[in-house]
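See structure below.
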Amino acid sequence: MKAIREFTRQGGGLLMIGGWSSFSGRFGHGGYYDTPVEEALPVYCLKGVDDRVEMPEGVRVNVIPEYADHPILKGIPWNEAPVLEGFNKIIPKENANVLATVGDGEHEHPLIVTWHYGNGKAMAFASDCSPHWAEFFQPWEYYGQFWRQAIEWLGS
């Protein structure tokens with residue numbers, strides 16, 4: 001974990017994607033809270049609790065307007081994005097940028113959070129990229145573009 005933190009600090013890119021063993025994860029077993037990896041992430045992980053939120057009815061992606069042209073999000077019609085069926089609860093750190101949330105306005109949660117860490121960049125994506133929570137998101141025609149742009153930003 002120290003090597004990941006130092007890689008990021010020295011100019012590398014770090015991406016954590018949500019799921020059952022990410023952030024705090026199922027029953028807190030992801031266990032990234034209070035670790036060197038958490039230091040490099042733009043978010044805090046909940047300590048020792050299950051941070052997964054199952055949303056079988058689906059939640060929409062809400063892009064924060066000031067970040068609509070961010071290199072990760074640019075050129076993607078987010079208002080047409082399919083729903084996500086769950087996410088991990090994460091807490092953005094001071095100086096982090098929340099690019100998008102999920103929820104209904106009354107209960108919005110961070111989805112895409114970025115920041116610069118030392119000479120590197122880090123991104124948290126609070127949902128997953130597999131058919132569990134991203135069952136409808138994964139086959140979307142802009143799915144590949146989103147991940148390509150995220151990786152390009154992290155590596156720039």
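Naming scheme: A, B, ... for chains in displayed order of the structure tokens; residues 1 onward per chain; ligands 1 onward as shown.
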Using only C-alpha atoms, find each residue of stretch 115-136 of chain A with at least one atom at most 10 Å away from an atom of stretch 87-109 of chain A; report its shortest atom-to-atom pair and that distance in Å (one decimal), sort the rows by chain and rising residue number, and return the result as JSON lines.
{"residue": "A:Trp115", "atom": "CA", "partner": "A:Ala96", "partner_atom": "CA", "distance": 4.9}
{"residue": "A:His116", "atom": "CA", "partner": "A:Ala96", "partner_atom": "CA", "distance": 8.0}
{"residue": "A:Tyr117", "atom": "CA", "partner": "A:Ala96", "partner_atom": "CA", "distance": 9.8}
{"residue": "A:Ala122", "atom": "CA", "partner": "A:Ala96", "partner_atom": "CA", "distance": 9.6}
{"residue": "A:Met123", "atom": "CA", "partner": "A:Asn97", "partner_atom": "CA", "distance": 9.4}
{"residue": "A:Ala124", "atom": "CA", "partner": "A:Ile90", "partner_atom": "CA", "distance": 8.7}
{"residue": "A:Phe125", "atom": "CA", "partner": "A:Phe87", "partner_atom": "CA", "distance": 8.7}
{"residue": "A:Ala126", "atom": "CA", "partner": "A:Asn88", "partner_atom": "CA", "distance": 5.1}
{"residue": "A:Ser127", "atom": "CA", "partner": "A:Phe87", "partner_atom": "CA", "distance": 4.1}
{"residue": "A:Asp128", "atom": "CA", "partner": "A:Phe87", "partner_atom": "CA", "distance": 7.1}
{"residue": "A:Trp133", "atom": "CA", "partner": "A:Phe87", "partner_atom": "CA", "distance": 7.2}
{"residue": "A:Ala134", "atom": "CA", "partner": "A:Phe87", "partner_atom": "CA", "distance": 9.5}
Item to check | Surrounding residues of A:Asn79 excluding itself and chain neighbours under 5 positions, 12 Å, only C-alpha atoms, as a VMD selection string | outcome: chain A and resid 60 to 65 68 73 100 142
Selected residues, C-alpha atoms, written as a compact mmCIF listing (two decimals), in the first residue's frame, please.
# COMPACT_ATOMS: atom_id res chain seq x y z
CA ARG A 60 -29.02 8.50 -12.02
CA VAL A 61 -25.64 10.12 -12.55
CA ASN A 62 -25.73 13.86 -11.82
CA VAL A 63 -22.81 15.81 -13.27
CA ILE A 64 -21.90 18.92 -11.29
CA PRO A 65 -22.39 21.71 -13.88
CA ALA A 68 -19.33 19.28 -17.35
CA LEU A 73 -16.68 13.82 -18.52
CA ALA A 100 -20.61 13.79 -10.33
CA TYR A 142 -20.34 5.87 -23.91
Next on the checklist: For A:Phe146, find every residue with an atom within 8 Å (counting only C-alpha atoms), except residues of its own chain fewer than 3 positions away, and show them as a list in words.
Outcome noted: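 Listed by chain and then number, they are Ile72, Leu73, Ile76, Tyr142, Tyr143, Gln149 and Ala150 of chain A.
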Can those selected residues be exported to a file as a tab-separated table (two decimals), in the first residue's frame so that it contains N, CA and C atoms?
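Once everything was written out, this is result-v1.tsv:
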chain	number	residue	atom	x	y	z
A	72	ILE	N	-12.51	14.14	-18.03
A	72	ILE	CA	-13.08	12.82	-17.77
A	72	ILE	C	-14.52	12.72	-18.28
A	73	LEU	N	-15.25	13.82	-18.22
A	73	LEU	CA	-16.68	13.82	-18.52
A	73	LEU	C	-17.05	14.37	-19.89
A	76	ILE	N	-19.72	13.46	-23.28
A	76	ILE	CA	-20.59	12.33	-22.94
A	76	ILE	C	-21.95	12.89	-22.51
A	142	TYR	N	-21.36	4.93	-24.38
A	142	TYR	CA	-20.34	5.87	-23.91
A	142	TYR	C	-19.49	5.31	-22.76
A	143	TYR	N	-19.75	4.07	-22.39
A	143	TYR	CA	-19.03	3.43	-21.30
A	143	TYR	C	-17.52	3.42	-21.57
A	149	GLN	N	-11.28	8.21	-21.16
A	149	GLN	CA	-11.00	9.59	-20.76
A	149	GLN	C	-10.49	9.64	-19.32
A	150	ALA	N	-11.03	8.79	-18.44
A	150	ALA	CA	-10.56	8.75	-17.05
A	150	ALA	C	-9.09	8.33	-17.02
Checklist entry - Among stretch 96-147 of chain A, which ones does DSSP place in helix (DSSP H, G or I), written as a PyMOL selection string? => result chain A and resi 143-147
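Distances from A:Gly25, A:Tyr32, A:His70, A:Val37 to A:Val49 were compared using only C-alpha atoms, and the smallest one belongs to A:Gly25.
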Item to check | Nearest candidate to A:Glu85 (options A:Tyr67, A:Phe23, A:Trp153, A:Phe136; using only C-alpha atoms) | outcome: A:Phe136
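Excluding stretch 33-36 of chain A itself and any same-chain residue fewer than 4 positions from it, the protein and nucleic acid residues within 8 Å of it, counting only C-alpha atoms, are A:Met1, A:Lys2, A:Ile4, A:Arg5, A:Phe23, A:Ser24, A:Ala40, A:Tyr44, A:Cys45, A:Leu46, A:Lys47, A:Gly48.
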Next on the checklist: as a list in words, please: every residue in stretch 72-153 of chain A that DSSP puts in strand (DSSP E).
Outcome noted: Leu84, Glu85, Gly86, Phe87, Asn88, Ile90, Ile91, Pro92, Asn97, Val98, Leu99, Ala100, Thr101, Val102, His109, Pro110, Leu111, Ile112, Val113, Thr114, Trp115, His116, Tyr117, Gly120, Lys121, Ala122, Met123, Ala124 and Phe125 of chain A
Any chance you can output those residues with N, CA and C atoms as a PDB file, in the first residue's frame?
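Output below, filename selection.pdb:
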ATOM      1  N   LEU A  84     -27.330   3.367 -12.375  1.00  0.00           N
ATOM      2  CA  LEU A  84     -26.439   2.474 -11.640  1.00  0.00           C
ATOM      3  C   LEU A  84     -27.274   1.837 -10.532  1.00  0.00           C
ATOM      4  N   GLU A  85     -26.970   0.594 -10.185  1.00  0.00           N
ATOM      5  CA  GLU A  85     -27.792  -0.111  -9.208  1.00  0.00           C
ATOM      6  C   GLU A  85     -27.164  -0.208  -7.826  1.00  0.00           C
ATOM      7  N   GLY A  86     -26.154   0.624  -7.590  1.00  0.00           N
ATOM      8  CA  GLY A  86     -25.548   0.659  -6.270  1.00  0.00           C
ATOM      9  C   GLY A  86     -24.236   1.416  -6.294  1.00  0.00           C
ATOM     10  N   PHE A  87     -23.702   1.636  -5.095  1.00  0.00           N
ATOM     11  CA  PHE A  87     -22.468   2.393  -4.951  1.00  0.00           C
ATOM     12  C   PHE A  87     -21.936   2.211  -3.539  1.00  0.00           C
ATOM     13  N   ASN A  88     -20.699   2.647  -3.348  1.00  0.00           N
ATOM     14  CA  ASN A  88     -20.110   2.693  -2.011  1.00  0.00           C
ATOM     15  C   ASN A  88     -20.233   4.121  -1.503  1.00  0.00           C
ATOM     16  N   ILE A  90     -18.728   7.201   0.131  1.00  0.00           N
ATOM     17  CA  ILE A  90     -17.392   7.764   0.307  1.00  0.00           C
ATOM     18  C   ILE A  90     -17.531   9.214   0.730  1.00  0.00           C
ATOM     19  N   ILE A  91     -16.492   9.752   1.354  1.00  0.00           N
ATOM     20  CA  ILE A  91     -16.521  11.130   1.850  1.00  0.00           C
ATOM     21  C   ILE A  91     -15.393  11.905   1.170  1.00  0.00           C
ATOM     22  N   PRO A  92     -15.726  12.895   0.345  1.00  0.00           N
ATOM     23  CA  PRO A  92     -14.685  13.670  -0.332  1.00  0.00           C
ATOM     24  C   PRO A  92     -13.797  14.407   0.669  1.00  0.00           C
ATOM     25  N   ASN A  97     -12.299  17.328  -5.863  1.00  0.00           N
ATOM     26  CA  ASN A  97     -13.348  17.803  -6.766  1.00  0.00           C
ATOM     27  C   ASN A  97     -14.376  16.701  -6.982  1.00  0.00           C
ATOM     28  N   VAL A  98     -15.612  16.972  -6.588  1.00  0.00           N
ATOM     29  CA  VAL A  98     -16.702  16.034  -6.839  1.00  0.00           C
ATOM     30  C   VAL A  98     -17.254  16.387  -8.218  1.00  0.00           C
ATOM     31  N   LEU A  99     -16.953  15.525  -9.201  1.00  0.00           N
ATOM     32  CA  LEU A  99     -17.378  15.782 -10.577  1.00  0.00           C
ATOM     33  C   LEU A  99     -18.815  15.357 -10.822  1.00  0.00           C
ATOM     34  N   ALA A 100     -19.251  14.304 -10.130  1.00  0.00           N
ATOM     35  CA  ALA A 100     -20.609  13.788 -10.326  1.00  0.00           C
ATOM     36  C   ALA A 100     -21.070  13.100  -9.052  1.00  0.00           C
ATOM     37  N   THR A 101     -22.380  13.050  -8.904  1.00  0.00           N
ATOM     38  CA  THR A 101     -23.020  12.389  -7.777  1.00  0.00           C
ATOM     39  C   THR A 101     -24.034  11.383  -8.314  1.00  0.00           C
ATOM     40  N   VAL A 102     -24.567  10.572  -7.416  1.00  0.00           N
ATOM     41  CA  VAL A 102     -25.716   9.725  -7.727  1.00  0.00           C
ATOM     42  C   VAL A 102     -26.761  10.001  -6.671  1.00  0.00           C
ATOM     43  N   HIS A 109     -25.068  11.322  -3.303  1.00  0.00           N
ATOM     44  CA  HIS A 109     -23.798  10.794  -2.808  1.00  0.00           C
ATOM     45  C   HIS A 109     -22.730  10.983  -3.873  1.00  0.00           C
ATOM     46  N   PRO A 110     -21.485  11.233  -3.490  1.00  0.00           N
ATOM     47  CA  PRO A 110     -20.408  11.391  -4.467  1.00  0.00           C
ATOM     48  C   PRO A 110     -20.229  10.119  -5.301  1.00  0.00           C
ATOM     49  N   LEU A 111     -20.059  10.296  -6.601  1.00  0.00           N
ATOM     50  CA  LEU A 111     -19.810   9.174  -7.506  1.00  0.00           C
ATOM     51  C   LEU A 111     -18.406   9.249  -8.098  1.00  0.00           C
ATOM     52  N   ILE A 112     -18.053  10.396  -8.651  1.00  0.00           N
ATOM     53  CA  ILE A 112     -16.738  10.581  -9.259  1.00  0.00           C
ATOM     54  C   ILE A 112     -16.047  11.728  -8.532  1.00  0.00           C
ATOM     55  N   VAL A 113     -14.926  11.416  -7.894  1.00  0.00           N
ATOM     56  CA  VAL A 113     -14.180  12.403  -7.111  1.00  0.00           C
ATOM     57  C   VAL A 113     -12.719  12.337  -7.556  1.00  0.00           C
ATOM     58  N   THR A 114     -12.109  13.494  -7.793  1.00  0.00           N
ATOM     59  CA  THR A 114     -10.713  13.548  -8.237  1.00  0.00           C
ATOM     60  C   THR A 114      -9.925  14.533  -7.390  1.00  0.00           C
ATOM     61  N   TRP A 115      -8.603  14.418  -7.493  1.00  0.00           N
ATOM     62  CA  TRP A 115      -7.713  15.430  -6.943  1.00  0.00           C
ATOM     63  C   TRP A 115      -6.296  15.167  -7.409  1.00  0.00           C
ATOM     64  N   HIS A 116      -5.437  16.124  -7.104  1.00  0.00           N
ATOM     65  CA  HIS A 116      -4.007  15.964  -7.337  1.00  0.00           C
ATOM     66  C   HIS A 116      -3.379  15.578  -6.005  1.00  0.00           C
ATOM     67  N   TYR A 117      -2.524  14.565  -6.046  1.00  0.00           N
ATOM     68  CA  TYR A 117      -1.842  14.105  -4.844  1.00  0.00           C
ATOM     69  C   TYR A 117      -0.349  14.149  -5.137  1.00  0.00           C
ATOM     70  N   GLY A 120       1.005  13.472  -8.642  1.00  0.00           N
ATOM     71  CA  GLY A 120       0.114  12.567  -9.353  1.00  0.00           C
ATOM     72  C   GLY A 120      -1.345  12.964  -9.240  1.00  0.00           C
ATOM     73  N   LYS A 121      -2.185  12.086  -9.749  1.00  0.00           N
ATOM     74  CA  LYS A 121      -3.629  12.313  -9.735  1.00  0.00           C
ATOM     75  C   LYS A 121      -4.310  11.055  -9.227  1.00  0.00           C
ATOM     76  N   ALA A 122      -5.448  11.242  -8.581  1.00  0.00           N
ATOM     77  CA  ALA A 122      -6.225  10.105  -8.101  1.00  0.00           C
ATOM     78  C   ALA A 122      -7.703  10.350  -8.371  1.00  0.00           C
ATOM     79  N   MET A 123      -8.412   9.255  -8.572  1.00  0.00           N
ATOM     80  CA  MET A 123      -9.849   9.312  -8.851  1.00  0.00           C
ATOM     81  C   MET A 123     -10.537   8.182  -8.095  1.00  0.00           C
ATOM     82  N   ALA A 124     -11.689   8.502  -7.546  1.00  0.00           N
ATOM     83  CA  ALA A 124     -12.557   7.498  -6.938  1.00  0.00           C
ATOM     84  C   ALA A 124     -13.831   7.438  -7.764  1.00  0.00           C
ATOM     85  N   PHE A 125     -14.230   6.229  -8.142  1.00  0.00           N
ATOM     86  CA  PHE A 125     -15.507   5.985  -8.814  1.00  0.00           C
ATOM     87  C   PHE A 125     -16.280   5.079  -7.877  1.00  0.00           C
TER      88      PHE A 125
END
Checklist outcome for this item: Computed gap from atom CA of A:Val53 to atom CA of A:Val83 is 13.9 Å
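Taking atom CA of A:Thr8 as the reference point, atom CA of A:Glu38 is found at 11.5 Å.
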Item to check | Nearest to A:Leu15, chosen from A:Glu80, A:Ser156, A:Pro56, A:Ile151, with only C-alpha atoms counted in the distances | outcome: A:Ile151
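You will find atom CA of A:Pro139 at 17.7 Å from atom CA of A:Glu57.
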